[in-house]
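Novice: Sharing start-v3.txt below, compact mmCIF, C-alpha atoms (C1' of nucleotides):
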# COMPACT_ATOMS: atom_id res chain seq x y z
CA MET A 154 31.31 -7.81 14.84
CA ASN A 155 29.14 -10.84 14.26
CA PRO A 156 25.89 -9.30 13.11
CA ILE A 157 23.79 -11.72 15.14
CA VAL A 158 25.64 -10.75 18.29
CA ASN A 159 25.26 -7.13 17.43
CA ILE A 160 21.53 -7.49 16.92
CA SER A 161 21.23 -9.57 20.05
CA GLN A 162 22.71 -6.68 21.97
CA GLN A 163 20.30 -4.25 20.40
CA PHE A 164 17.49 -6.48 21.56
CA ALA A 165 18.88 -6.71 25.06
CA ALA A 166 19.37 -2.97 25.23
CA GLN A 167 15.62 -2.54 24.86
CA ASN A 168 14.73 -5.45 27.12
CA TYR A 169 13.75 -7.76 24.32
CA LYS A 170 14.98 -11.30 23.98
CA LEU A 171 16.47 -12.78 20.85
CA THR A 172 14.44 -15.98 20.89
CA PRO A 173 15.26 -18.84 18.52
CA GLN A 174 12.33 -17.83 16.36
CA ARG A 175 13.51 -14.24 16.13
CA GLU A 176 17.03 -15.36 15.47
CA ALA A 177 15.89 -17.62 12.64
CA ILE A 178 14.06 -14.70 11.08
CA VAL A 179 17.03 -12.40 11.43
CA LYS A 180 19.24 -15.02 9.80
CA VAL A 181 16.93 -15.20 6.82
CA LEU A 182 17.21 -11.46 6.47
CA LEU A 183 20.99 -11.58 6.75
CA ASP A 184 21.18 -14.36 4.16
CA ASN A 185 19.10 -12.32 1.76
CA GLU A 186 20.49 -8.93 2.45
CA LYS A 187 20.27 -7.92 -1.19
CA ASP A 188 16.56 -8.62 -1.48
CA HIS A 189 13.53 -6.82 -0.24
CA LEU A 190 11.61 -9.73 1.16
CA SER A 191 7.90 -9.75 1.79
CA VAL A 192 6.47 -11.29 4.93
CA GLU A 193 5.34 -14.31 2.97
CA GLU A 194 8.81 -14.76 1.53
CA VAL A 195 10.45 -14.52 4.93
CA TYR A 196 7.90 -17.01 6.20
CA MET A 197 8.70 -19.50 3.44
CA LEU A 198 12.44 -19.15 3.87
CA VAL A 199 12.42 -19.38 7.62
CA LYS A 200 10.38 -22.54 7.53
CA THR A 201 13.35 -24.48 6.17
CA SER A 202 15.32 -23.78 9.33
CA TYR A 203 12.39 -23.52 11.72
CA PRO A 204 9.42 -25.45 10.35
CA HIS A 205 7.01 -24.78 13.18
CA LEU A 206 7.31 -21.05 13.16
CA GLY A 207 4.00 -19.25 12.74
CA LEU A 208 3.14 -16.51 10.31
CA ALA A 209 2.00 -14.19 13.06
CA THR A 210 5.42 -14.46 14.64
CA VAL A 211 6.99 -13.30 11.40
CA TYR A 212 4.72 -10.30 11.37
CA ARG A 213 5.40 -9.53 15.00
CA THR A 214 9.12 -9.98 14.72
CA LEU A 215 9.46 -7.83 11.64
CA GLU A 216 7.46 -5.13 13.35
CA LEU A 217 9.77 -5.37 16.34
CA LEU A 218 12.88 -5.26 14.19
CA CYS A 219 11.44 -2.21 12.56
CA GLU A 220 10.84 -0.56 15.90
CA LEU A 221 14.45 -1.26 16.82
CA HIS A 222 15.51 0.28 13.51
CA ILE A 223 17.21 -2.94 12.49
CA VAL A 224 15.06 -3.37 9.43
CA GLU A 225 13.17 -0.95 7.32
CA LYS A 226 9.62 -1.44 6.16
CA MET A 227 8.86 -0.32 2.65
CA ASP A 228 6.04 -0.37 0.24
CA PHE A 229 6.43 -0.44 -3.50
CA GLY A 230 2.72 -0.36 -4.12
CA ASP A 231 2.47 -4.02 -5.06
CA GLY A 232 0.18 -4.80 -2.16
CA VAL A 233 2.70 -6.32 0.22
CA ALA A 234 5.05 -4.78 2.71
CA ARG A 235 8.72 -5.49 2.16
CA TYR A 236 11.57 -5.43 4.61
CA ASP A 237 15.22 -4.67 4.31
CA LEU A 238 18.09 -4.77 6.76
CA ARG A 239 19.12 -1.27 7.53
CA GLY A 240 22.87 -0.68 7.49
CA ASP A 241 24.02 1.70 10.19
CA ASP A 242 25.16 4.19 7.63
CA HIS A 243 23.03 4.64 4.58
CA ALA A 244 19.79 5.82 6.10
CA HIS A 245 19.89 8.60 3.59
CA MET A 246 21.46 6.80 0.70
CA HIS A 247 18.90 4.30 -0.28
CA HIS A 248 16.92 4.79 -3.45
CA HIS A 249 15.29 2.39 -5.86
CA LEU A 250 15.07 1.78 -9.56
CA ILE A 251 12.13 -0.38 -10.54
CA CYS A 252 12.05 -1.69 -14.09
CA ASN A 253 8.69 -1.62 -15.84
CA VAL A 254 9.69 -4.45 -18.12
CA CYS A 255 11.29 -7.10 -15.98
CA GLY A 256 10.29 -5.91 -12.52
CA ARG A 257 13.91 -5.86 -11.46
CA LEU A 258 14.64 -3.71 -8.46
CA GLU A 259 17.99 -2.05 -8.07
CA GLU A 260 19.19 -0.20 -5.05
CA ILE A 261 21.19 2.97 -5.28
CA LYS A 262 23.25 3.70 -2.27
CA GLU A 263 24.31 7.24 -2.84
CA ASP A 264 23.18 10.28 -1.00
CA TRP A 265 21.36 12.20 -3.69
CA LEU A 266 19.07 14.22 -1.53
CA HIS A 267 21.39 15.94 0.88
CA ASP A 268 21.19 19.26 -0.90
CA LEU A 269 17.46 19.07 -1.24
CA GLU A 270 17.08 18.35 2.43
CA LEU A 271 19.16 21.36 3.30
CA ARG A 272 16.88 23.40 1.11
CA LEU A 273 13.79 22.01 2.82
CA GLU A 274 15.25 23.02 6.15
CA GLN A 275 16.01 26.53 5.01
CA GLU A 276 13.17 27.35 2.65
CA TYR A 277 10.37 25.34 4.18
CA GLY A 278 11.41 25.07 7.82
CA PHE A 279 11.04 21.33 7.46
CA ASN A 280 13.47 19.01 9.19
CA VAL A 281 13.72 15.71 7.34
CA THR A 282 13.94 12.55 9.40
CA ASP A 283 13.29 10.09 6.60
CA HIS A 284 12.70 10.02 2.92
CA ARG A 285 11.83 7.85 0.03
CA LEU A 286 12.93 8.08 -3.56
CA ASP A 287 11.85 5.53 -6.12
CA PHE A 288 12.12 5.67 -9.87
CA LYS A 289 10.07 3.63 -12.26
CA GLY A 290 11.26 3.20 -15.82
CA THR A 291 12.97 0.87 -18.18
CA TYR A 292 16.52 -0.26 -18.56
CA ASN A 293 17.77 0.29 -22.06
CA THR A 294 19.04 -3.26 -22.05
CA CYS A 295 15.56 -4.48 -21.17
CA LYS A 296 13.91 -2.61 -24.00
CA ARG A 297 15.71 -4.73 -26.52
CA ASN A 298 14.37 -8.10 -25.45
CA GLY A 299 10.60 -8.23 -25.76
CA CYS A 300 9.31 -5.22 -23.90
CA LYS A 301 5.99 -5.86 -22.24
CA GLY A 302 5.25 -2.16 -22.30
CA GLU A 303 4.64 0.14 -19.41
CA LYS A 304 2.17 -1.03 -16.83
CA ASP A 305 -0.42 1.57 -16.11
CA CYS A 306 -1.41 3.00 -12.85
CA GLN A 307 1.16 1.79 -10.39
CA ALA A 308 0.90 3.23 -6.94
CA VAL A 309 4.05 5.20 -7.30
CA SER A 310 3.63 8.84 -8.10
CA MET B 270 -11.30 25.11 -21.05
CA ASN B 271 -13.93 23.80 -18.67
CA PRO B 272 -12.19 20.90 -16.98
CA ILE B 273 -15.28 18.70 -17.12
CA VAL B 274 -15.56 19.21 -20.86
CA ASN B 275 -11.88 18.51 -21.24
CA ILE B 276 -12.16 15.29 -19.27
CA SER B 277 -15.29 14.33 -21.13
CA GLN B 278 -13.30 14.55 -24.35
CA GLN B 279 -10.53 12.42 -22.94
CA PHE B 280 -13.15 9.82 -22.10
CA ALA B 281 -14.67 9.98 -25.55
CA ALA B 282 -11.26 9.72 -27.18
CA GLN B 283 -10.84 6.30 -25.60
CA ASN B 284 -14.43 5.23 -26.20
CA TYR B 285 -15.52 5.66 -22.64
CA LYS B 286 -18.60 7.51 -21.54
CA LEU B 287 -18.70 10.20 -18.90
CA THR B 288 -21.73 8.88 -17.09
CA PRO B 289 -23.44 10.92 -14.35
CA GLN B 290 -21.76 8.74 -11.75
CA ARG B 291 -18.34 9.29 -13.24
CA GLU B 292 -19.00 12.99 -13.60
CA ALA B 293 -20.01 13.25 -9.95
CA ILE B 294 -16.76 11.57 -8.94
CA VAL B 295 -14.67 13.82 -11.15
CA LYS B 296 -16.39 16.86 -9.66
CA VAL B 297 -15.48 15.73 -6.17
CA LEU B 298 -11.88 15.46 -7.27
CA LEU B 299 -11.98 18.90 -8.87
CA ASP B 300 -13.55 20.41 -5.75
CA ASN B 301 -10.79 18.93 -3.62
CA GLU B 302 -7.88 19.40 -5.92
CA LYS B 303 -5.55 20.23 -3.05
CA ASP B 304 -6.22 17.01 -1.18
CA HIS B 305 -5.14 13.47 -1.74
CA LEU B 306 -8.43 11.73 -1.22
CA SER B 307 -8.83 8.09 -0.36
CA VAL B 308 -11.51 5.98 -1.99
CA GLU B 309 -13.55 6.12 1.16
CA GLU B 310 -13.30 9.91 1.26
CA VAL B 311 -14.33 10.23 -2.35
CA TYR B 312 -17.20 7.88 -1.62
CA MET B 313 -18.41 9.96 1.32
CA LEU B 314 -18.12 13.22 -0.57
CA VAL B 315 -19.78 12.02 -3.73
CA LYS B 316 -22.73 10.70 -1.78
CA THR B 317 -23.88 14.25 -1.04
CA SER B 318 -24.40 14.89 -4.73
CA TYR B 319 -25.20 11.35 -5.79
CA PRO B 320 -26.54 9.39 -2.82
CA HIS B 321 -27.11 6.10 -4.59
CA LEU B 322 -23.63 5.72 -5.98
CA GLY B 323 -21.95 2.47 -5.02
CA LEU B 324 -18.51 2.00 -3.56
CA ALA B 325 -17.45 -0.37 -6.31
CA THR B 326 -18.21 2.32 -8.86
CA VAL B 327 -15.85 4.66 -7.06
CA TYR B 328 -13.11 2.06 -7.23
CA ARG B 329 -13.79 1.33 -10.88
CA THR B 330 -13.99 4.96 -11.86
CA LEU B 331 -10.80 5.93 -10.08
CA GLU B 332 -9.04 3.05 -11.75
CA LEU B 333 -10.35 4.21 -15.09
CA LEU B 334 -9.30 7.80 -14.44
CA CYS B 335 -5.90 6.47 -13.56
CA GLU B 336 -5.69 4.52 -16.78
CA LEU B 337 -6.58 7.69 -18.68
CA HIS B 338 -3.85 9.52 -16.76
CA ILE B 339 -6.36 11.97 -15.41
CA VAL B 340 -5.64 11.07 -11.83
CA GLU B 341 -2.65 9.61 -10.13
CA LYS B 342 -2.79 6.79 -7.64
CA MET B 343 -0.43 7.06 -4.73
CA ASP B 344 0.35 5.25 -1.57
CA PHE B 345 1.74 6.88 1.53
CA GLY B 346 1.96 3.64 3.42
CA ASP B 347 -1.06 4.35 5.58
CA GLY B 348 -2.97 1.41 4.21
CA VAL B 349 -5.20 3.21 1.75
CA ALA B 350 -4.68 4.28 -1.81
CA ARG B 351 -5.01 7.97 -2.46
CA TYR B 352 -5.81 9.81 -5.64
CA ASP B 353 -4.87 13.16 -7.02
CA LEU B 354 -5.81 15.02 -10.15
CA ARG B 355 -2.85 15.13 -12.43
CA GLY B 356 -2.19 18.50 -14.04
CA ASP B 357 -1.01 18.24 -17.63
CA ASP B 358 2.33 19.68 -16.73
CA HIS B 359 3.84 18.69 -13.45
CA ALA B 360 4.24 14.96 -13.92
CA HIS B 361 7.78 15.40 -12.73
CA MET B 362 7.26 18.12 -10.22
CA HIS B 363 5.26 16.53 -7.55
CA HIS B 364 6.85 15.69 -4.25
CA HIS B 365 5.53 15.46 -0.73
CA LEU B 366 6.39 16.63 2.74
CA ILE B 367 4.70 14.62 5.46
CA CYS B 368 4.87 15.99 8.98
CA ASN B 369 5.52 13.49 11.74
CA VAL B 370 3.84 15.70 14.28
CA CYS B 371 0.61 16.89 12.76
CA GLY B 372 0.34 14.57 9.79
CA ARG B 373 0.06 17.53 7.46
CA LEU B 374 0.91 16.79 3.87
CA GLU B 375 2.37 19.45 1.65
CA GLU B 376 2.93 19.21 -2.03
CA ILE B 377 6.01 20.59 -3.68
CA LYS B 378 5.57 21.36 -7.32
CA GLU B 379 9.11 21.91 -8.46
CA ASP B 380 11.18 19.71 -10.67
CA TRP B 381 13.90 18.60 -8.31
CA LEU B 382 14.84 15.39 -9.99
CA HIS B 383 15.57 16.37 -13.55
CA ASP B 384 19.33 16.24 -13.11
CA LEU B 385 19.18 12.94 -11.28
CA GLU B 386 17.08 11.45 -14.03
CA LEU B 387 19.57 12.54 -16.62
CA ARG B 388 22.24 10.84 -14.57
CA LEU B 389 20.22 7.64 -14.34
CA GLU B 390 19.88 7.65 -18.11
CA GLN B 391 23.58 8.14 -18.64
CA GLU B 392 25.17 6.19 -15.82
CA TYR B 393 22.64 3.43 -15.35
CA GLY B 394 21.03 3.17 -18.77
CA PHE B 395 17.71 3.62 -17.01
CA ASN B 396 14.97 5.64 -18.63
CA VAL B 397 12.66 7.09 -16.01
CA THR B 398 8.95 7.11 -16.75
CA ASP B 399 7.76 7.91 -13.27
CA HIS B 400 9.09 8.67 -9.85
CA ARG B 401 8.18 9.27 -6.30
CA LEU B 402 9.81 11.47 -3.74
CA ASP B 403 8.43 11.82 -0.25
CA PHE B 404 10.02 13.34 2.79
CA LYS B 405 9.02 12.65 6.34
CA GLY B 406 10.03 15.00 9.07
CA THR B 407 8.83 17.81 11.23
CA TYR B 408 8.04 21.42 10.58
CA ASN B 409 9.96 23.67 12.87
CA THR B 410 6.70 25.46 13.64
CA CYS B 411 5.18 22.14 14.68
CA LYS B 412 8.02 21.30 17.00
CA ARG B 413 7.23 24.26 19.15
CA ASN B 414 3.63 23.36 19.92
CA GLY B 415 3.39 20.04 21.66
CA CYS B 416 5.31 17.55 19.58
CA LYS B 417 3.84 14.08 19.68
CA GLY B 418 7.20 12.63 18.76
CA GLU B 419 8.21 10.67 15.73
CA LYS B 420 6.05 7.75 14.84
CA ASP B 421 8.08 4.62 14.29
CA CYS B 422 8.13 2.35 11.40
CA GLN B 423 6.21 4.09 8.67
CA ALA B 424 6.24 2.41 5.34
CA VAL B 425 8.36 5.08 3.81
CA SER B 426 11.99 4.34 3.38
C1' DT C 264 9.32 -24.76 43.07
C1' DT C 265 6.06 -21.33 42.17
C1' DA C 266 4.42 -17.12 40.45
C1' DT C 267 4.76 -13.71 36.94
C1' DA C 268 5.76 -11.88 32.62
C1' DA C 269 7.11 -12.49 27.84
C1' DT C 270 6.60 -14.95 23.78
C1' DT C 271 4.57 -18.02 20.49
C1' DA C 272 1.08 -20.60 17.75
C1' DG C 273 -2.98 -20.96 15.53
C1' DT C 274 -6.74 -18.98 13.99
C1' DA C 275 -10.55 -15.69 13.81
C1' DA C 276 -11.53 -11.06 12.70
C1' DT C 277 -10.64 -6.86 10.15
C1' DC C 278 -10.18 -3.97 6.38
C1' DG C 279 -9.10 -2.35 1.81
C1' DT C 280 -9.80 -3.99 -2.55
C1' DT C 281 -11.43 -6.93 -6.37
C1' DA C 282 -14.58 -10.11 -8.63
C1' DC C 283 -19.06 -11.59 -9.80
C1' DG C 284 -23.94 -11.88 -11.32
C1' DA C 285 -28.04 -9.55 -11.91
C1' DA C 286 -30.16 -5.32 -13.14
C1' DT C 287 -30.03 -0.94 -15.58
C1' DT C 288 -28.82 2.15 -19.11
C1' DA C 289 -27.13 3.54 -23.52
C1' DA C 290 -26.05 2.74 -28.58
C1' DG C 291 -26.71 0.72 -33.01
C1' DC C 292 -29.69 -0.86 -36.32
C1' DA C 293 -33.70 -2.98 -38.74
C1' DT D 295 -40.28 2.74 -32.74
C1' DG D 296 -38.79 -1.87 -31.12
C1' DC D 297 -34.99 -5.21 -30.68
C1' DT D 298 -30.28 -6.53 -29.81
C1' DT D 299 -26.00 -5.94 -27.90
C1' DA D 300 -22.58 -3.79 -25.22
C1' DA D 301 -21.36 -0.83 -21.46
C1' DT D 302 -22.14 0.45 -16.94
C1' DT D 303 -23.75 0.17 -12.32
C1' DC D 304 -25.19 -1.92 -7.99
C1' DG D 305 -24.82 -4.73 -4.10
C1' DT D 306 -22.43 -8.05 -2.16
C1' DA D 307 -19.45 -12.05 -1.83
C1' DA D 308 -14.76 -13.30 -2.13
C1' DC D 309 -10.00 -12.31 -1.55
C1' DG D 310 -5.58 -11.34 0.53
C1' DA D 311 -2.65 -8.96 3.63
C1' DT D 312 -2.54 -7.75 8.18
C1' DT D 313 -3.98 -7.51 13.05
C1' DA D 314 -6.17 -9.12 17.19
C1' DC D 315 -7.12 -12.60 20.39
C1' DT D 316 -6.80 -16.73 23.35
C1' DA D 317 -4.61 -20.52 24.96
C1' DA D 318 -0.35 -22.75 25.42
C1' DT D 319 4.57 -22.46 26.09
C1' DT D 320 8.79 -20.64 27.63
C1' DA D 321 11.75 -17.82 30.25
C1' DT D 322 12.62 -14.96 34.54
C1' DA D 323 12.82 -14.09 39.24
C1' DA D 324 11.62 -14.50 43.90
Give the structure from this file in structure tokens form.
Specialist:
Amino acid sequence: MNPIVNISQQFAAQNYKLTPQREAIVKVLLDNEKDHLSVEEVYMLVKTSYPHLGLATVYRTLELLCELHIVEKMDFGDGVARYDLRGDDHAHMHHHLICNVCGRLEEIKEDWLHDLELRLEQEYGFNVTDHRLDFKGTYNTCKRNGCKGEKDCQAVS
Amino acid sequence: MNPIVNISQQFAAQNYKLTPQREAIVKVLLDNEKDHLSVEEVYMLVKTSYPHLGLATVYRTLELLCELHIVEKMDFGDGVARYDLRGDDHAHMHHHLICNVCGRLEEIKEDWLHDLELRLEQEYGFNVTDHRLDFKGTYNTCKRNGCKGEKDCQAVS
DNA sequence: TTATAATTAGTAATCGTTACGAATTAAGCA
DNA sequence: TGCTTAATTCGTAACGATTACTAATTATAA
């Protein structure tokens, strides 16, 4: 199905309207599905198709999309929130590799935590609804061309 | 070894001084080893033993401790940075369970990611220097007593 | 059309964090 | 001991991301 139509229906189902502003924002997200855009980035991109749109609307819309589980808010500790369209499927198959050298961010869409989550249920009595798994490190290919060295003290444990 | 002495040596090794202010902050961290204190919390706590200490000093000291790998900065997406003393050992055995109902935060000190990190090295050519693994969910014991329901849209993927 | 509610725009306020300049303390050396 | 220099601290101003607020606009429904 046309993703815009699909999202429009999700809006309607919760008594929200897909206004032109909201649609423009959703389109930016769809056009940049591979990225994890910050609010500022969405704002810049959306301005090309909807110049008068306000920053606050971007914030509000992303929050709404988040509430509707259409996008996912994430925080890589760089001081800005980032948003990503959330496929219907891979809620639990969504991990990140963040390169210390070039800053590149790769997504891994495999379910690596299923067994661990079973174990949490059984051993800890903890029922997982959401998780987050990020790795920081260096690509071997990056190491070769002028490594800037590891940045200290990132807000990722 | 006395942890303060140990830390004092780590300071000296990098040509930093363990001033009374810094020592007071380290003591707060040692006294609350189980918690993940925010800057504000450290600030409040340290004021009982060192009333004149300034907030900026807390920020600067925690940053320094982070640089020396004595503490670890982390971000649970609640808008404030949190800090935790970093045992010499469990750099890779440090995961979190965050309860949706009561907000309780439990630490898991087992190395659950070793195999995955090997796989990243081999399959992705990615050498992990740091990682982060947080689970959100509910404790079964919590569910029974007045569940507040799942909070939407936390900045944890 | 008119009344009501939802949405938007623009901007002020908030809040965590960082930067800055002056004051204080410590260290090195004559 | 005094003097010089560097490190550290303090208080606060500045900053940047986000949120809150008010007026204006748009849609909805009687």
Novice: Could you give me chain B least-squares fitted onto chain A (all C-alpha atoms, paired in order), as a short mmCIF file (atom, residue, chain, number, x, y, z; two decimals) with C-alpha atoms, in the frame of the given file?
Specialist:
data_model
loop_
_atom_site.label_atom_id
_atom_site.label_comp_id
_atom_site.auth_asym_id
_atom_site.auth_seq_id
_atom_site.Cartn_x
_atom_site.Cartn_y
_atom_site.Cartn_z
CA MET B 270 31.36 -7.86 14.77
CA ASN B 271 29.15 -10.87 14.19
CA PRO B 272 25.89 -9.34 13.05
CA ILE B 273 23.81 -11.75 15.11
CA VAL B 274 25.69 -10.81 18.25
CA ASN B 275 25.32 -7.16 17.40
CA ILE B 276 21.58 -7.53 16.91
CA SER B 277 21.30 -9.61 20.03
CA GLN B 278 22.79 -6.70 21.96
CA GLN B 279 20.38 -4.26 20.40
CA PHE B 280 17.57 -6.51 21.57
CA ALA B 281 18.98 -6.75 25.06
CA ALA B 282 19.48 -2.99 25.24
CA GLN B 283 15.73 -2.55 24.88
CA ASN B 284 14.85 -5.46 27.14
CA TYR B 285 13.85 -7.77 24.36
CA LYS B 286 15.04 -11.32 23.98
CA LEU B 287 16.51 -12.79 20.84
CA THR B 288 14.50 -15.98 20.90
CA PRO B 289 15.28 -18.86 18.52
CA GLN B 290 12.34 -17.82 16.38
CA ARG B 291 13.53 -14.25 16.15
CA GLU B 292 17.06 -15.39 15.46
CA ALA B 293 15.88 -17.62 12.63
CA ILE B 294 14.05 -14.68 11.08
CA VAL B 295 17.04 -12.39 11.41
CA LYS B 296 19.23 -15.02 9.76
CA VAL B 297 16.88 -15.19 6.80
CA LEU B 298 17.18 -11.44 6.45
CA LEU B 299 20.96 -11.59 6.69
CA ASP B 300 21.11 -14.38 4.10
CA ASN B 301 19.03 -12.30 1.72
CA GLU B 302 20.44 -8.91 2.41
CA LYS B 303 20.19 -7.90 -1.24
CA ASP B 304 16.48 -8.59 -1.49
CA HIS B 305 13.46 -6.78 -0.22
CA LEU B 306 11.54 -9.69 1.19
CA SER B 307 7.84 -9.71 1.84
CA VAL B 308 6.42 -11.25 4.99
CA GLU B 309 5.28 -14.24 3.03
CA GLU B 310 8.75 -14.71 1.56
CA VAL B 311 10.39 -14.47 4.94
CA TYR B 312 7.84 -16.96 6.22
CA MET B 313 8.60 -19.45 3.46
CA LEU B 314 12.34 -19.11 3.86
CA VAL B 315 12.38 -19.34 7.62
CA LYS B 316 10.32 -22.50 7.53
CA THR B 317 13.27 -24.44 6.14
CA SER B 318 15.25 -23.76 9.29
CA TYR B 319 12.36 -23.51 11.71
CA PRO B 320 9.37 -25.42 10.34
CA HIS B 321 6.99 -24.76 13.20
CA LEU B 322 7.28 -21.00 13.18
CA GLY B 323 3.97 -19.21 12.81
CA LEU B 324 3.10 -16.46 10.39
CA ALA B 325 1.99 -14.12 13.14
CA THR B 326 5.42 -14.41 14.71
CA VAL B 327 6.98 -13.27 11.46
CA TYR B 328 4.74 -10.23 11.43
CA ARG B 329 5.43 -9.47 15.08
CA THR B 330 9.15 -9.95 14.76
CA LEU B 331 9.48 -7.80 11.67
CA GLU B 332 7.51 -5.09 13.41
CA LEU B 333 9.81 -5.35 16.38
CA LEU B 334 12.92 -5.24 14.20
CA CYS B 335 11.47 -2.17 12.59
CA GLU B 336 10.90 -0.53 15.93
CA LEU B 337 14.52 -1.25 16.83
CA HIS B 338 15.58 0.28 13.51
CA ILE B 339 17.24 -2.93 12.49
CA VAL B 340 15.07 -3.34 9.44
CA GLU B 341 13.18 -0.91 7.33
CA LYS B 342 9.62 -1.40 6.20
CA MET B 343 8.84 -0.28 2.70
CA ASP B 344 5.99 -0.33 0.31
CA PHE B 345 6.36 -0.40 -3.44
CA GLY B 346 2.66 -0.28 -4.05
CA ASP B 347 2.39 -3.93 -4.98
CA GLY B 348 0.13 -4.70 -2.07
CA VAL B 349 2.65 -6.23 0.29
CA ALA B 350 5.01 -4.71 2.78
CA ARG B 351 8.66 -5.44 2.21
CA TYR B 352 11.54 -5.41 4.62
CA ASP B 353 15.20 -4.66 4.31
CA LEU B 354 18.07 -4.77 6.73
CA ARG B 355 19.15 -1.28 7.50
CA GLY B 356 22.90 -0.71 7.49
CA ASP B 357 24.06 1.66 10.20
CA ASP B 358 25.17 4.18 7.65
CA HIS B 359 23.05 4.62 4.59
CA ALA B 360 19.80 5.80 6.10
CA HIS B 361 19.87 8.58 3.57
CA MET B 362 21.41 6.76 0.69
CA HIS B 363 18.86 4.27 -0.29
CA HIS B 364 16.88 4.75 -3.45
CA HIS B 365 15.28 2.36 -5.88
CA LEU B 366 15.07 1.75 -9.58
CA ILE B 367 12.12 -0.39 -10.58
CA CYS B 368 12.05 -1.69 -14.13
CA ASN B 369 8.71 -1.60 -15.90
CA VAL B 370 9.73 -4.41 -18.19
CA CYS B 371 11.29 -7.08 -16.04
CA GLY B 372 10.27 -5.89 -12.60
CA ARG B 373 13.89 -5.87 -11.50
CA LEU B 374 14.60 -3.72 -8.50
CA GLU B 375 17.95 -2.08 -8.06
CA GLU B 376 19.15 -0.25 -5.03
CA ILE B 377 21.16 2.91 -5.27
CA LYS B 378 23.24 3.63 -2.24
CA GLU B 379 24.31 7.19 -2.82
CA ASP B 380 23.19 10.25 -0.97
CA TRP B 381 21.36 12.14 -3.67
CA LEU B 382 19.06 14.15 -1.50
CA HIS B 383 21.35 15.87 0.94
CA ASP B 384 21.19 19.21 -0.84
CA LEU B 385 17.44 19.03 -1.23
CA GLU B 386 17.04 18.30 2.44
CA LEU B 387 19.12 21.30 3.33
CA ARG B 388 16.86 23.35 1.12
CA LEU B 389 13.74 21.97 2.79
CA GLU B 390 15.18 22.96 6.15
CA GLN B 391 15.96 26.47 5.01
CA GLU B 392 13.14 27.30 2.64
CA TYR B 393 10.32 25.29 4.15
CA GLY B 394 11.33 25.03 7.79
CA PHE B 395 10.96 21.29 7.41
CA ASN B 396 13.35 18.96 9.17
CA VAL B 397 13.61 15.67 7.32
CA THR B 398 13.78 12.51 9.38
CA ASP B 399 13.16 10.07 6.58
CA HIS B 400 12.60 9.98 2.88
CA ARG B 401 11.77 7.81 -0.02
CA LEU B 402 12.89 8.05 -3.59
CA ASP B 403 11.83 5.51 -6.17
CA PHE B 404 12.13 5.66 -9.91
CA LYS B 405 10.11 3.64 -12.34
CA GLY B 406 11.28 3.21 -15.87
CA THR B 407 13.01 0.87 -18.21
CA TYR B 408 16.56 -0.27 -18.57
CA ASN B 409 17.84 0.31 -22.04
CA THR B 410 19.09 -3.28 -22.05
CA CYS B 411 15.57 -4.45 -21.23
CA LYS B 412 14.01 -2.48 -24.03
CA ARG B 413 15.90 -4.48 -26.58
CA ASN B 414 14.65 -7.90 -25.54
CA GLY B 415 10.91 -8.14 -25.82
CA CYS B 416 9.47 -5.21 -23.93
CA LYS B 417 6.17 -5.99 -22.27
CA GLY B 418 5.30 -2.32 -22.28
CA GLU B 419 4.68 0.00 -19.41
CA LYS B 420 2.24 -1.17 -16.82
CA ASP B 421 -0.37 1.44 -16.07
CA CYS B 422 -1.36 2.89 -12.84
CA GLN B 423 1.22 1.75 -10.35
CA ALA B 424 0.93 3.22 -6.93
CA VAL B 425 4.06 5.23 -7.34
CA SER B 426 3.66 8.86 -8.12
#
Novice: Return as a PDB file with C-alpha atoms (C1' of nucleotides), in the coordinates of the input the residues belonging to chain C that are within 9 Å of chain A, counting all atoms listed in the file.
Specialist:
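As written to disk, result37.pdb reads:
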ATOM      1  C1'  DA C 269       7.110 -12.490  27.840  1.00  0.00           C
ATOM      2  C1'  DT C 270       6.600 -14.950  23.780  1.00  0.00           C
ATOM      3  C1'  DT C 271       4.570 -18.020  20.490  1.00  0.00           C
ATOM      4  C1'  DA C 272       1.080 -20.600  17.750  1.00  0.00           C
ATOM      5  C1'  DG C 273      -2.980 -20.960  15.530  1.00  0.00           C
TER       6       DG C 273
END
Novice: Per residue of chain A within 10 Å of chain D, what are the shortest atom pair and its distance in Å to one decimal, counting all atoms listed in the file, with rows by chain and residue number, as a tab-separated table?
Specialist:
residue	atom	partner	partner_atom	distance
A:Lys170	CA	D:DA321	C1'	9.6
A:Thr172	CA	D:DA321	C1'	9.9
A:Val192	CA	D:DA311	C1'	9.5
A:Glu193	CA	D:DA311	C1'	9.6
A:Ala209	CA	D:DT313	C1'	9.0
A:Tyr212	CA	D:DT312	C1'	8.3
A:Arg213	CA	D:DT313	C1'	9.8
A:Gly232	CA	D:DA311	C1'	7.7
A:Val233	CA	D:DA311	C1'	6.9
A:Ala234	CA	D:DA311	C1'	8.8
Novice: Using all atoms listed in the file, find which residues of chain B lie within 9 Å of chain A and jot them down as a PyMOL selection string.
Specialist: chain B and resi 332+335-336+338+341-346+350-351+360+363-364+366+368-369+381+385-386+390+393-410+419+421-426
Novice: Find the residue from A:Gly240, A:Leu198, A:Glu186, A:Phe164 that sits nearest to Thr214 of chain A; use only C-alpha atoms when measuring.
Specialist: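 The answer is A:Phe164, which sits nearest to Thr214 of chain A.
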Novice: Restricting the calculation to only C-alpha atoms, which member of B:Ser307, B:His383, B:Tyr319, B:Ser277 is positioned closest to Asp347 of chain B?
Specialist: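 Looking only at the distances to Asp347 of chain B, the closest residue turns out to be B:Ser307.
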Novice: Would you work out the distance separating atom CA of Met270 of chain B from atom CA of Met313 of chain B, expressed in Å to one decimal?
Specialist: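 We find that atom CA of Met270 of chain B and atom CA of Met313 of chain B lie 27.9 Å from each other.
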